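Have a look at entry20.csv below; it lists CSV, C-alpha atoms.
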chain,number,residue,atom,x,y,z
N,252,MET,CA,3.5,27.7,8.7
N,253,GLN,CA,6.3,25.4,9.7
N,254,ARG,CA,5.5,21.6,9.4
N,255,ALA,CA,7.0,20.9,12.8
N,256,ASP,CA,4.6,23.4,14.4
N,257,ALA,CA,1.7,21.9,12.4
N,258,ILE,CA,2.5,18.4,13.6
N,259,ARG,CA,2.8,19.7,17.2
N,260,ALA,CA,-0.6,21.4,16.9
N,261,ILE,CA,-2.3,18.0,16.1
N,262,TYR,CA,-0.1,15.8,18.2
N,263,PRO,CA,-2.6,15.4,21.1
N,264,GLU,CA,-5.2,14.1,18.6
N,265,LEU,CA,-2.7,11.5,17.2
N,266,GLU,CA,-2.7,9.6,20.5
N,267,ARG,CA,-5.9,7.8,19.8
N,268,SER,CA,-5.3,7.4,16.1
N,269,VAL,CA,-3.1,5.1,14.0
N,270,VAL,CA,-0.5,7.2,12.2
N,271,VAL,CA,1.5,6.4,9.0
N,272,THR,CA,4.1,8.9,7.9
N,273,ILE,CA,6.4,9.3,4.9
N,274,MET,CA,10.2,9.3,5.3
N,275,GLY,CA,12.5,12.2,5.9
N,276,ALA,CA,11.5,15.4,7.7
N,277,VAL,CA,8.0,14.3,8.6
N,278,ALA,CA,9.2,11.1,10.3
N,279,ALA,CA,12.1,12.9,12.1
N,280,GLU,CA,10.0,15.8,13.3
N,281,LEU,CA,7.2,13.6,14.6
N,282,GLN,CA,9.7,11.4,16.5
N,283,SER,CA,11.4,14.5,17.9
N,284,ILE,CA,8.1,15.6,19.4
N,285,GLY,CA,7.6,12.1,20.8
N,286,HIS,CA,7.4,8.6,19.4
N,287,ARG,CA,4.4,6.5,20.3
N,288,PRO,CA,3.8,2.8,19.5
N,289,ASN,CA,0.8,3.8,17.2
N,290,PHE,CA,3.1,5.7,14.8
N,291,PHE,CA,4.6,3.9,11.8
N,292,TYR,CA,7.2,5.7,9.7
N,293,LEU,CA,7.5,4.4,6.1
N,294,GLN,CA,11.2,5.2,5.7
N,295,HIS,CA,11.3,4.4,2.0
N,296,ALA,CA,9.0,3.3,-0.8
N,297,MET,CA,8.0,6.9,-1.6
N,298,GLY,CA,4.4,7.3,-2.5
N,299,LEU,CA,3.1,4.2,-0.6
N,300,ALA,CA,2.2,5.8,2.8
N,301,SER,CA,-1.3,6.6,1.6
N,302,SER,CA,-1.6,3.0,0.3
N,303,VAL,CA,-0.4,1.6,3.6
N,304,GLY,CA,-3.0,3.8,5.4
N,305,LEU,CA,-5.7,2.5,3.0
N,306,GLY,CA,-4.7,-1.1,3.8
N,307,ILE,CA,-5.0,-0.4,7.6
N,308,ALA,CA,-8.3,1.4,7.2
N,309,LEU,CA,-9.8,-1.4,5.2
N,310,ALA,CA,-8.5,-4.1,7.4
N,311,ARG,CA,-9.6,-2.4,10.6
N,312,PRO,CA,-12.5,-0.1,10.1
N,313,GLU,CA,-12.8,0.6,13.8
N,314,LEU,CA,-9.5,2.4,13.9
N,315,SER,CA,-9.0,6.1,13.1
N,316,VAL,CA,-6.2,6.3,10.6
N,317,VAL,CA,-4.1,9.4,9.9
N,318,VAL,CA,-1.6,9.5,7.0
N,319,LEU,CA,1.0,12.2,7.1
N,320,ASP,CA,2.0,12.5,3.4
N,321,GLY,CA,4.1,15.0,1.5
N,322,ASP,CA,4.0,16.6,-1.9
N,323,GLY,CA,7.0,14.8,-3.4
N,324,SER,CA,5.6,11.4,-2.1
N,325,LEU,CA,2.1,12.0,-3.2
N,326,LEU,CA,3.2,13.0,-6.7
N,327,MET,CA,4.8,9.6,-7.0
N,328,ASN,CA,1.5,7.8,-6.4
N,329,LEU,CA,-1.2,10.1,-7.8
N,330,GLY,CA,-3.1,7.0,-9.0
N,331,GLY,CA,-3.3,5.9,-5.4
N,332,LEU,CA,-5.6,8.9,-4.8
N,333,THR,CA,-8.1,7.4,-7.2
N,334,THR,CA,-7.9,4.1,-5.3
N,335,LEU,CA,-8.3,5.9,-2.0
N,336,ALA,CA,-11.4,7.8,-3.3
N,337,ARG,CA,-12.8,4.6,-4.8
N,338,TYR,CA,-12.9,2.7,-1.5
N,339,ARG,CA,-13.5,5.9,0.5
N,340,PRO,CA,-12.4,4.8,3.9
N,341,ARG,CA,-14.4,7.0,6.3
N,342,ASN,CA,-11.9,6.3,9.0
N,343,LEU,CA,-8.9,7.9,7.2
N,344,VAL,CA,-7.6,11.5,7.3
N,345,HIS,CA,-5.0,12.1,4.6
N,346,VAL,CA,-2.8,15.1,5.5
N,347,VAL,CA,-0.3,16.3,2.8
N,348,PHE,CA,2.4,18.6,3.9
N,349,ASP,CA,3.2,20.6,0.8
N,350,ASN,CA,6.5,22.5,1.0
N,351,GLU,CA,6.8,22.5,-2.9
N,352,SER,CA,10.1,20.8,-2.7
N,353,LEU,CA,12.0,17.5,-2.2
N,354,LEU,CA,13.5,19.0,0.9
N,355,SER,CA,15.2,15.8,2.2
N,356,LEU,CA,17.0,15.4,-1.1
N,357,GLY,CA,18.4,18.9,-1.4
N,358,GLY,CA,15.4,21.1,-1.8
N,359,PHE,CA,14.7,20.6,-5.5
N,360,PRO,CA,11.3,22.1,-6.4
N,361,THR,CA,8.3,19.8,-7.1
N,362,ALA,CA,5.5,20.5,-9.5
N,363,THR,CA,3.4,22.0,-6.8
N,364,SER,CA,5.9,24.9,-7.0
N,365,THR,CA,4.8,25.6,-10.6
N,366,GLY,CA,1.1,25.4,-10.0
N,367,SER,CA,0.0,21.7,-9.6
N,368,ASP,CA,-2.8,21.7,-7.0
N,369,LEU,CA,-2.8,18.5,-4.9
N,370,ALA,CA,-6.2,19.3,-3.2
N,371,ALA,CA,-7.7,19.9,-6.7
N,372,ILE,CA,-6.2,16.6,-7.9
N,373,ALA,CA,-7.6,14.8,-4.9
N,374,LYS,CA,-11.0,16.3,-5.5
N,375,GLY,CA,-10.8,15.4,-9.2
N,376,ALA,CA,-9.8,11.8,-8.1
N,377,GLY,CA,-13.1,11.7,-6.2
N,378,VAL,CA,-12.0,12.3,-2.6
N,379,PRO,CA,-15.2,13.6,-1.0
N,380,ARG,CA,-13.6,16.2,1.3
N,381,THR,CA,-10.5,18.3,0.3
N,382,ALA,CA,-9.0,21.5,1.4
N,383,THR,CA,-5.8,23.6,1.3
N,384,VAL,CA,-4.8,25.5,4.4
N,385,ARG,CA,-1.9,27.9,5.0
N,386,ALA,CA,-2.0,29.0,8.6
N,387,LEU,CA,-1.5,27.0,11.8
N,388,GLU,CA,-4.8,27.5,13.5
N,389,GLU,CA,-6.6,27.0,10.2
N,390,PHE,CA,-4.8,23.7,9.9
N,391,ARG,CA,-5.6,22.5,13.4
N,392,SER,CA,-9.2,23.3,13.0
N,393,ALA,CA,-9.5,21.7,9.6
N,394,PHE,CA,-7.8,18.6,10.9
N,395,LEU,CA,-10.2,18.3,13.9
N,396,ILE,CA,-13.2,18.8,11.6
N,397,ALA,CA,-11.8,16.1,9.2
N,398,GLN,CA,-11.4,13.6,12.1
N,399,GLN,CA,-15.0,14.3,13.2
N,400,SER,CA,-16.5,14.4,9.7
N,401,GLY,CA,-16.7,10.6,9.4
N,402,ASP,CA,-15.6,10.8,5.8
N,403,LEU,CA,-12.4,10.6,3.8
N,404,THR,CA,-10.5,13.9,3.7
N,405,THR,CA,-7.4,15.0,1.9
N,406,LEU,CA,-6.0,18.1,3.7
N,407,VAL,CA,-3.2,19.9,2.0
N,408,ALA,CA,-1.2,22.0,4.4
N,409,LYS,CA,1.2,24.5,2.7
N,410,VAL,CA,4.3,24.6,4.8
N,411,GLU,CA,7.8,26.3,4.6
N,412,ALA,CA,10.6,24.3,3.1
N,413,VAL,CA,12.5,23.9,6.4
N,414,GLY,CA,13.3,20.6,8.1
N,415,PRO,CA,15.2,19.1,11.0
N,416,ALA,CA,19.0,19.0,11.2
N,417,ALA,CA,19.1,15.2,11.0
N,418,TYR,CA,16.8,12.6,9.4
N,419,VAL,CA,18.2,9.4,11.0
N,420,THR,CA,16.8,8.7,14.4
N,421,ASP,CA,17.7,6.0,17.0
N,422,LEU,CA,14.5,4.1,16.3
N,423,SER,CA,15.3,1.2,13.9
N,424,LEU,CA,13.0,0.5,11.1
N,425,LEU,CA,12.2,-3.0,12.2
N,426,GLU,CA,11.8,-2.1,15.8
N,427,ASN,CA,9.2,0.5,14.7
N,428,ARG,CA,7.5,-2.0,12.4
N,429,TYR,CA,7.1,-4.8,15.0
N,430,GLN,CA,6.1,-2.4,17.8
N,431,PHE,CA,3.4,-0.9,15.5
N,432,ALA,CA,2.0,-4.3,14.5
N,433,ARG,CA,2.0,-5.4,18.2
N,434,HIS,CA,0.2,-2.2,19.1
N,435,LEU,CA,-2.5,-2.8,16.5
N,436,LYS,CA,-2.9,-6.4,17.7
N,437,ASP,CA,-3.3,-5.2,21.3
N,438,ARG,CA,-6.0,-2.8,20.1
N,439,LEU,CA,-8.1,-5.6,18.5
N,440,PRO,CA,-11.7,-5.4,19.9
N,441,LYS,CA,-12.1,-7.8,22.8
N,442,GLU,CA,-14.2,-10.8,22.0
P,263,MET,CA,-12.4,-16.4,-23.5
P,264,PRO,CA,-10.5,-19.7,-22.7
P,265,VAL,CA,-9.4,-18.7,-19.3
P,266,SER,CA,-9.9,-21.7,-17.1
P,267,VAL,CA,-12.8,-21.3,-14.7
P,268,SER,CA,-11.9,-24.6,-12.9
P,269,SER,CA,-8.3,-23.6,-12.3
P,270,SER,CA,-9.3,-20.1,-11.2
P,271,THR,CA,-11.7,-21.7,-8.8
P,272,LEU,CA,-8.9,-23.8,-7.4
P,273,VAL,CA,-6.6,-20.8,-7.0
P,274,TYR,CA,-9.4,-18.8,-5.3
P,275,ARG,CA,-10.2,-21.7,-3.0
P,276,GLY,CA,-6.5,-21.9,-2.1
P,277,LEU,CA,-6.5,-18.2,-1.1
P,278,LYS,CA,-9.6,-18.6,1.0
P,279,GLU,CA,-8.2,-21.6,2.8
P,280,ALA,CA,-5.0,-19.6,3.5
P,281,GLY,CA,-7.2,-17.1,5.3
P,282,VAL,CA,-6.8,-14.3,2.8
P,283,ARG,CA,-9.4,-11.6,3.3
P,284,ILE,CA,-8.1,-8.7,1.2
P,285,VAL,CA,-7.1,-9.1,-2.4
P,286,SER,CA,-5.6,-6.3,-4.5
P,287,ALA,CA,-5.7,-6.6,-8.3
P,288,LEU,CA,-5.3,-5.0,-11.6
P,289,PRO,CA,-7.4,-6.6,-14.4
P,290,GLU,CA,-5.6,-8.8,-16.8
P,291,THR,CA,-7.1,-11.5,-19.0
P,292,TRP,CA,-5.9,-14.5,-17.1
P,293,LEU,CA,-7.2,-13.0,-13.8
P,294,VAL,CA,-10.7,-12.1,-14.8
P,295,HIS,CA,-12.4,-15.1,-13.1
P,296,LEU,CA,-10.3,-14.7,-9.9
P,297,ILE,CA,-11.2,-11.0,-9.7
P,298,ARG,CA,-14.9,-11.7,-10.2
P,299,MET,CA,-14.8,-14.4,-7.5
P,300,ALA,CA,-13.2,-11.9,-5.1
P,301,GLU,CA,-15.8,-9.3,-6.1
P,302,ASP,CA,-18.7,-11.7,-5.5
P,303,ASP,CA,-17.5,-13.0,-2.2
P,304,PRO,CA,-18.9,-11.0,0.8
P,305,GLU,CA,-16.1,-12.3,3.0
P,306,MET,CA,-13.4,-10.8,0.7
P,307,THR,CA,-12.4,-7.2,0.2
P,308,LEU,CA,-11.3,-6.6,-3.4
P,309,VAL,CA,-9.2,-3.5,-3.9
P,310,ARG,CA,-8.9,-2.5,-7.6
P,311,LEU,CA,-5.7,-0.6,-8.2
P,312,ALA,CA,-4.5,2.0,-10.6
P,313,LYS,CA,-1.0,0.5,-10.5
P,314,GLU,CA,0.3,-2.6,-8.9
P,315,GLU,CA,2.8,-1.0,-6.6
P,316,GLU,CA,-0.1,0.4,-4.6
P,317,GLY,CA,-1.0,-3.2,-3.7
P,318,VAL,CA,2.3,-3.6,-1.8
P,319,GLY,CA,1.3,-0.7,0.4
P,320,ILE,CA,-2.2,-2.0,0.9
P,321,SER,CA,-0.9,-5.5,1.8
P,322,THR,CA,1.6,-4.0,4.1
P,323,GLY,CA,-1.0,-2.0,5.9
P,324,ALA,CA,-3.3,-5.0,6.1
P,325,HIS,CA,-0.5,-7.2,7.5
P,326,LEU,CA,0.5,-4.7,10.2
P,327,ALA,CA,-3.2,-4.5,11.1
P,328,GLY,CA,-3.4,-8.3,11.4
P,329,VAL,CA,-5.3,-9.2,8.2
P,330,LYS,CA,-4.1,-11.7,5.6
P,331,SER,CA,-4.0,-10.5,2.0
P,332,ALA,CA,-2.8,-11.4,-1.5
P,333,MET,CA,-1.8,-9.5,-4.6
P,334,LEU,CA,-3.0,-10.6,-8.0
P,335,MET,CA,-1.1,-9.2,-11.0
P,336,GLN,CA,0.4,-9.8,-14.4
P,337,ASN,CA,4.1,-10.2,-14.6
P,338,HIS,CA,4.4,-6.8,-16.1
P,339,GLY,CA,2.6,-5.5,-13.1
P,340,PHE,CA,5.1,-7.2,-10.9
P,341,LEU,CA,7.8,-5.4,-12.8
P,342,ALA,CA,6.0,-2.1,-12.2
P,343,ALA,CA,5.8,-2.8,-8.5
P,344,ILE,CA,9.5,-3.7,-7.8
P,345,ASN,CA,10.5,-0.6,-5.8
P,346,GLY,CA,7.6,-1.1,-3.5
P,347,ILE,CA,8.4,-4.8,-3.1
P,348,VAL,CA,12.0,-4.0,-2.3
P,349,SER,CA,11.7,-0.8,-0.3
P,350,CYS,CA,8.6,-1.7,1.6
P,351,GLY,CA,7.9,-5.4,1.4
P,352,GLN,CA,11.5,-6.6,1.9
P,353,LEU,CA,12.8,-3.7,3.9
P,354,TYR,CA,10.0,-4.1,6.5
P,355,ARG,CA,9.9,-7.9,6.3
P,356,ILE,CA,6.3,-8.1,5.1
P,357,PRO,CA,4.9,-11.6,4.2
P,358,LEU,CA,3.5,-10.5,0.8
P,359,LEU,CA,1.8,-13.3,-1.1
P,360,MET,CA,2.0,-12.4,-4.8
P,361,LEU,CA,0.2,-14.3,-7.5
P,362,ILE,CA,1.7,-13.4,-10.8
P,363,SER,CA,0.3,-14.4,-14.2
P,364,GLN,CA,3.3,-15.6,-16.2
P,365,ARG,CA,2.5,-14.1,-19.6
P,366,GLY,CA,4.9,-14.3,-22.5
P,367,SER,CA,6.0,-18.0,-22.1
P,368,PHE,CA,5.8,-20.7,-24.7
P,369,GLY,CA,2.5,-20.5,-26.5
P,370,GLU,CA,2.1,-16.7,-26.1
P,371,LYS,CA,0.5,-15.2,-29.1
P,372,ASP,CA,0.5,-11.5,-28.0
P,373,PRO,CA,3.8,-10.0,-29.2
P,374,TRP,CA,3.6,-7.3,-26.4
P,375,GLN,CA,3.7,-9.9,-23.7
P,376,THR,CA,6.9,-11.6,-24.8
P,377,GLU,CA,9.7,-9.4,-23.2
P,378,GLY,CA,8.2,-9.6,-19.7
P,379,GLY,CA,7.8,-13.3,-19.9
P,380,GLY,CA,11.5,-13.7,-20.6
P,381,VAL,CA,12.7,-11.7,-17.6
P,382,THR,CA,10.2,-12.4,-14.8
P,383,GLU,CA,11.9,-15.5,-13.3
P,384,HIS,CA,15.3,-13.9,-13.5
P,385,VAL,CA,14.1,-10.8,-11.7
P,386,LEU,CA,12.5,-12.9,-9.0
P,387,GLU,CA,15.8,-14.7,-8.6
P,388,SER,CA,17.7,-11.4,-8.5
P,389,LEU,CA,15.4,-10.1,-5.8
P,390,ARG,CA,15.9,-13.4,-3.8
P,391,ILE,CA,12.1,-13.8,-3.8
P,392,PRO,CA,11.2,-17.5,-3.3
P,393,PHE,CA,8.8,-18.6,-6.0
P,394,ASP,CA,7.1,-21.6,-7.4
P,395,ARG,CA,5.1,-22.3,-10.5
P,396,LEU,CA,1.4,-23.2,-10.6
P,397,GLU,CA,1.1,-25.4,-13.7
P,398,ALA,CA,-1.2,-28.2,-12.8
P,399,PRO,CA,-4.5,-28.2,-10.9
P,400,GLU,CA,-3.5,-30.9,-8.5
P,401,HIS,CA,-0.8,-28.9,-6.8
P,402,VAL,CA,-2.5,-25.5,-6.7
P,403,GLY,CA,-4.0,-25.7,-3.2
P,404,LYS,CA,-0.9,-27.2,-1.6
P,405,ARG,CA,1.5,-24.7,-3.2
P,406,ILE,CA,-0.5,-21.7,-2.1
P,407,ALA,CA,-0.6,-23.0,1.4
P,408,LYS,CA,3.2,-23.7,1.4
P,409,ALA,CA,4.0,-20.3,-0.1
P,410,GLN,CA,2.1,-18.6,2.6
P,411,THR,CA,3.7,-20.7,5.3
P,412,LEU,CA,7.1,-19.6,4.1
P,413,ALA,CA,6.1,-16.0,3.7
P,414,TYR,CA,5.1,-15.9,7.3
P,415,SER,CA,8.0,-18.0,8.7
P,416,ALA,CA,10.6,-16.0,6.8
P,417,SER,CA,8.6,-12.7,7.0
P,418,ARG,CA,9.4,-12.0,3.4
P,419,PRO,CA,7.5,-11.6,0.1
P,420,VAL,CA,7.0,-14.8,-1.9
P,421,ALA,CA,5.6,-15.4,-5.4
P,422,LEU,CA,3.5,-18.0,-7.2
P,423,LEU,CA,3.5,-17.9,-11.0
P,424,LEU,CA,0.2,-18.6,-12.6
P,425,CYS,CA,1.3,-20.5,-15.7
P,426,ARG,CA,-0.3,-21.0,-19.1
P,427,ASP,CA,-1.0,-24.7,-18.7
P,428,LEU,CA,-3.0,-23.9,-15.6
P,429,MET,CA,-4.8,-20.8,-16.7
P,430,TRP,CA,-5.5,-21.1,-20.4
P,431,GLU,CA,-7.6,-23.7,-22.1
P,432,GLU,CA,-7.1,-24.2,-25.8

Take the structure from the file and write it as structure tokens.
Amino acid sequence: MQRADAIRAIYPELERSVVVTIMGAVAAELQSIGHRPNFFYLQHAMGLASSVGLGIALARPELSVVVLDGDGSLLMNLGGLTTLARYRPRNLVHVVFDNESLLSLGGFPTATSTGSDLAAIAKGAGVPRTATVRALEEFRSAFLIAQQSGDLTTLVAKVEAVGPAAYVTDLSLLENRYQFARHLKDRLPKE
Amino acid sequence: MPVSVSSSTLVYRGLKEAGVRIVSALPETWLVHLIRMAEDDPEMTLVRLAKEEEGVGISTGAHLAGVKSAMLMQNHGFLAAINGIVSCGQLYRIPLLMLISQRGSFGEKDPWQTEGGGVTEHVLESLRIPFDRLEAPEHVGKRIAKAQTLAYSASRPVALLLCRDLMWEE
């Protein structure tokens, strides 16, 4: 399964959600499919995408939050999984694209290439719903079920270590940040 | 434990008056009362962290979602959170309100706290993070309000140092 295809497979479902991605290939591929104002790309601070998602989910329980994480990023914030599980936001789906490498930085293998199992780690941390999927249709259906489950899910999608030709897009970081915050403000429930 | 309940109450009241609704924290002796107050307050969401850097992400998410938050941490926790503060808080212009217990200053008896105490203010200066010290009860409320005002007008992280004379009674 290629990550770009996996993102494309769930893209229609992302329209009504609030999406936080990690930097690098995930951000570039989602933007190449089509940027929307409800997408926030955390272009640095590796590891914190899941924490940003938790902050949004706790602040705004009425929103459906999707975090698009990666193995390298999640490995930098494994403790964050315990925090995520502890507060168990039922409006958050945590997708981890696991290509077993730090692709954007030259493809160096991560610990998932030597057996570390992120879904098992998430389960051990206390995340109530976890799964690892390897095929496109399996991913799409697991994602849809996770969104409908009404509980916190960490979904690890094993993907090939291939990425886009370029990582820098024409969307500036601050433009994205202010547009995203404005979008969330506009979506506040009407009094 | 001679952590000041009355000063902790003042700090907590300052946070409430500043409209803070989410507090992230990692336990540390000087913060015990503040954490308990956040836990007991039905209007506050307390997020207990595994490591302080997570708090930067949580406050960033809360801010983007329109909710005011604060981070409670020891100065060693601040040191552990620096990449998040720089690459998320500063890069994305997030008005982080950080309350940092300034361990390792004059009067410190724990040898393990002393290195962090010596570098915290220098690191804050190097990072160009505006900060002030909370040392006396009478200026706690005002300084929290002013710190948050600057955080929002500058759209940047700011810090308040919870100092020994305020937090510790002996």

Using only C-alpha atoms and a distance of at most 9 Å, pull out the residues of chain P that contact chain N, as number ranges by chain. P: 283-284, 307, 309-313, 315-330, 345-350, 353-355

Please, could you write that set of residues out with C-alpha atoms as a PDB file, keeping the file's coordinate frame?
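The resulting again26.pdb:
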ATOM      1  CA  ARG P 283      -9.400 -11.600   3.300  1.00  0.00           C
ATOM      2  CA  ILE P 284      -8.100  -8.700   1.200  1.00  0.00           C
ATOM      3  CA  THR P 307     -12.400  -7.200   0.200  1.00  0.00           C
ATOM      4  CA  VAL P 309      -9.200  -3.500  -3.900  1.00  0.00           C
ATOM      5  CA  ARG P 310      -8.900  -2.500  -7.600  1.00  0.00           C
ATOM      6  CA  LEU P 311      -5.700  -0.600  -8.200  1.00  0.00           C
ATOM      7  CA  ALA P 312      -4.500   2.000 -10.600  1.00  0.00           C
ATOM      8  CA  LYS P 313      -1.000   0.500 -10.500  1.00  0.00           C
ATOM      9  CA  GLU P 315       2.800  -1.000  -6.600  1.00  0.00           C
ATOM     10  CA  GLU P 316      -0.100   0.400  -4.600  1.00  0.00           C
ATOM     11  CA  GLY P 317      -1.000  -3.200  -3.700  1.00  0.00           C
ATOM     12  CA  VAL P 318       2.300  -3.600  -1.800  1.00  0.00           C
ATOM     13  CA  GLY P 319       1.300  -0.700   0.400  1.00  0.00           C
ATOM     14  CA  ILE P 320      -2.200  -2.000   0.900  1.00  0.00           C
ATOM     15  CA  SER P 321      -0.900  -5.500   1.800  1.00  0.00           C
ATOM     16  CA  THR P 322       1.600  -4.000   4.100  1.00  0.00           C
ATOM     17  CA  GLY P 323      -1.000  -2.000   5.900  1.00  0.00           C
ATOM     18  CA  ALA P 324      -3.300  -5.000   6.100  1.00  0.00           C
ATOM     19  CA  HIS P 325      -0.500  -7.200   7.500  1.00  0.00           C
ATOM     20  CA  LEU P 326       0.500  -4.700  10.200  1.00  0.00           C
ATOM     21  CA  ALA P 327      -3.200  -4.500  11.100  1.00  0.00           C
ATOM     22  CA  GLY P 328      -3.400  -8.300  11.400  1.00  0.00           C
ATOM     23  CA  VAL P 329      -5.300  -9.200   8.200  1.00  0.00           C
ATOM     24  CA  LYS P 330      -4.100 -11.700   5.600  1.00  0.00           C
ATOM     25  CA  ASN P 345      10.500  -0.600  -5.800  1.00  0.00           C
ATOM     26  CA  GLY P 346       7.600  -1.100  -3.500  1.00  0.00           C
ATOM     27  CA  ILE P 347       8.400  -4.800  -3.100  1.00  0.00           C
ATOM     28  CA  VAL P 348      12.000  -4.000  -2.300  1.00  0.00           C
ATOM     29  CA  SER P 349      11.700  -0.800  -0.300  1.00  0.00           C
ATOM     30  CA  CYS P 350       8.600  -1.700   1.600  1.00  0.00           C
ATOM     31  CA  LEU P 353      12.800  -3.700   3.900  1.00  0.00           C
ATOM     32  CA  TYR P 354      10.000  -4.100   6.500  1.00  0.00           C
ATOM     33  CA  ARG P 355       9.900  -7.900   6.300  1.00  0.00           C
TER      34      ARG P 355
END

So which residues touch range 382-393 of chain N within 10 Å, counting only C-alpha atoms, skipping near sequence neighbours fewer than 3 positions away, as a PyMOL selection string? chain N and resi 252-254+256-262+264+346-349+368-371+373-374+396-399+404-411

Determine, counting only C-alpha atoms, which protein, DNA and RNA residues have an atom within 10 Å of an atom of range 407-409 of chain P; residues of the same chain fewer than 6 positions away are not included. Present the result as a PyMOL selection string. chain P and resi 276-277+279-281+357-360+392-394+415+419-422

Atom-to-atom span, CA of Leu386 in chain P and CA of Leu341 in chain P, Å: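 Pair CA of Leu386 in chain P / CA of Leu341 in chain P returns 9.6 Å.
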
Could you jot down the CA of Gly275 in chain N to CA of Ala342 in chain P separation for me, Å, one decimal place?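 So the answer is 24.0 Å.
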
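Omitting range 369-384 of chain P and its sequence neighbours fewer than 3 positions away, and counting only C-alpha atoms, the residues within 9 Å are Asn337, His338, Phe340, Leu341, Gln364, Arg365, Gly366, Glu387, Ser388, Leu389, Phe393 and Arg426 of chain P.
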
Would you work out the distance separating CA of Tyr414 in chain P from CA of His286 in chain N, expressed in Å to one decimal?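 Calculated distance between CA of Tyr414 in chain P and CA of His286 in chain N is 27.4 Å.
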
Residue among P:Ser286, P:Gln352, P:Ser269, P:Gln410 lying closest to Cys425 in chain P, counting all atoms listed in the file: P:Ser269

Pick the closest to Ser417 in chain P from P:Gly351, P:Pro399, P:Pro289, P:Gly339: which is it, counting only C-alpha atoms?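 Checking each of P:Gly351, P:Pro399, P:Pro289, P:Gly339 against Ser417 in chain P, counting only C-alpha atoms, the winner is P:Gly351.
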
For Phe368 in chain P, the closest of P:Glu301, P:Ala398, P:Asp427, P:Ser270 counting only C-alpha atoms is P:Asp427

Closest of N:Ala255, N:Leu343, N:Ile273, N:Ala279 to Ser400 in chain N - atom-to-atom distances counting all atoms listed in the file: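 Among the listed residues, the smallest separation from Ser400 in chain N belongs to N:Leu343.
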
Using the structure just given, write a file holding N, CA and C atoms for range 361-375 of chain N, as a PDB file, in the first residue's frame.
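Heads up, here's the output in out_38.pdb:
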ATOM      1  N   THR N 361      13.645   3.007  10.843  1.00  0.00           N
ATOM      2  CA  THR N 361      13.268   3.238  12.239  1.00  0.00           C
ATOM      3  C   THR N 361      13.160   1.880  12.943  1.00  0.00           C
ATOM      4  N   ALA N 362      12.840   1.935  14.218  1.00  0.00           N
ATOM      5  CA  ALA N 362      12.771   0.700  15.021  1.00  0.00           C
ATOM      6  C   ALA N 362      11.604  -0.189  14.617  1.00  0.00           C
ATOM      7  N   THR N 363      10.620   0.360  13.872  1.00  0.00           N
ATOM      8  CA  THR N 363       9.539  -0.541  13.436  1.00  0.00           C
ATOM      9  C   THR N 363      10.062  -1.498  12.371  1.00  0.00           C
ATOM     10  N   SER N 364      11.217  -1.167  11.750  1.00  0.00           N
ATOM     11  CA  SER N 364      11.808  -2.077  10.756  1.00  0.00           C
ATOM     12  C   SER N 364      12.471  -3.272  11.427  1.00  0.00           C
ATOM     13  N   THR N 365      12.715  -3.173  12.710  1.00  0.00           N
ATOM     14  CA  THR N 365      13.358  -4.288  13.422  1.00  0.00           C
ATOM     15  C   THR N 365      12.418  -4.892  14.459  1.00  0.00           C
ATOM     16  N   GLY N 366      11.119  -4.657  14.284  1.00  0.00           N
ATOM     17  CA  GLY N 366      10.164  -5.403  15.089  1.00  0.00           C
ATOM     18  C   GLY N 366       9.327  -4.612  16.074  1.00  0.00           C
ATOM     19  N   SER N 367       9.632  -3.345  16.318  1.00  0.00           N
ATOM     20  CA  SER N 367       8.779  -2.585  17.251  1.00  0.00           C
ATOM     21  C   SER N 367       7.391  -2.436  16.633  1.00  0.00           C
ATOM     22  N   ASP N 368       6.374  -2.716  17.430  1.00  0.00           N
ATOM     23  CA  ASP N 368       4.997  -2.807  16.935  1.00  0.00           C
ATOM     24  C   ASP N 368       4.196  -1.649  17.539  1.00  0.00           C
ATOM     25  N   LEU N 369       3.921  -0.635  16.714  1.00  0.00           N
ATOM     26  CA  LEU N 369       3.286   0.578  17.247  1.00  0.00           C
ATOM     27  C   LEU N 369       1.848   0.337  17.704  1.00  0.00           C
ATOM     28  N   ALA N 370       1.137  -0.554  17.037  1.00  0.00           N
ATOM     29  CA  ALA N 370      -0.238  -0.840  17.487  1.00  0.00           C
ATOM     30  C   ALA N 370      -0.208  -1.536  18.853  1.00  0.00           C
ATOM     31  N   ALA N 371       0.766  -2.434  19.023  1.00  0.00           N
ATOM     32  CA  ALA N 371       0.888  -3.120  20.322  1.00  0.00           C
ATOM     33  C   ALA N 371       1.304  -2.135  21.414  1.00  0.00           C
ATOM     34  N   ILE N 372       2.176  -1.194  21.053  1.00  0.00           N
ATOM     35  CA  ILE N 372       2.592  -0.174  22.026  1.00  0.00           C
ATOM     36  C   ILE N 372       1.389   0.691  22.411  1.00  0.00           C
ATOM     37  N   ALA N 373       0.590   1.075  21.401  1.00  0.00           N
ATOM     38  CA  ALA N 373      -0.605   1.886  21.675  1.00  0.00           C
ATOM     39  C   ALA N 373      -1.568   1.103  22.573  1.00  0.00           C
ATOM     40  N   LYS N 374      -1.746  -0.169  22.264  1.00  0.00           N
ATOM     41  CA  LYS N 374      -2.636  -1.004  23.081  1.00  0.00           C
ATOM     42  C   LYS N 374      -2.107  -1.087  24.509  1.00  0.00           C
ATOM     43  N   GLY N 375      -0.809  -1.298  24.625  1.00  0.00           N
ATOM     44  CA  GLY N 375      -0.193  -1.368  25.947  1.00  0.00           C
ATOM     45  C   GLY N 375      -0.297  -0.055  26.704  1.00  0.00           C
TER      46      GLY N 375
END
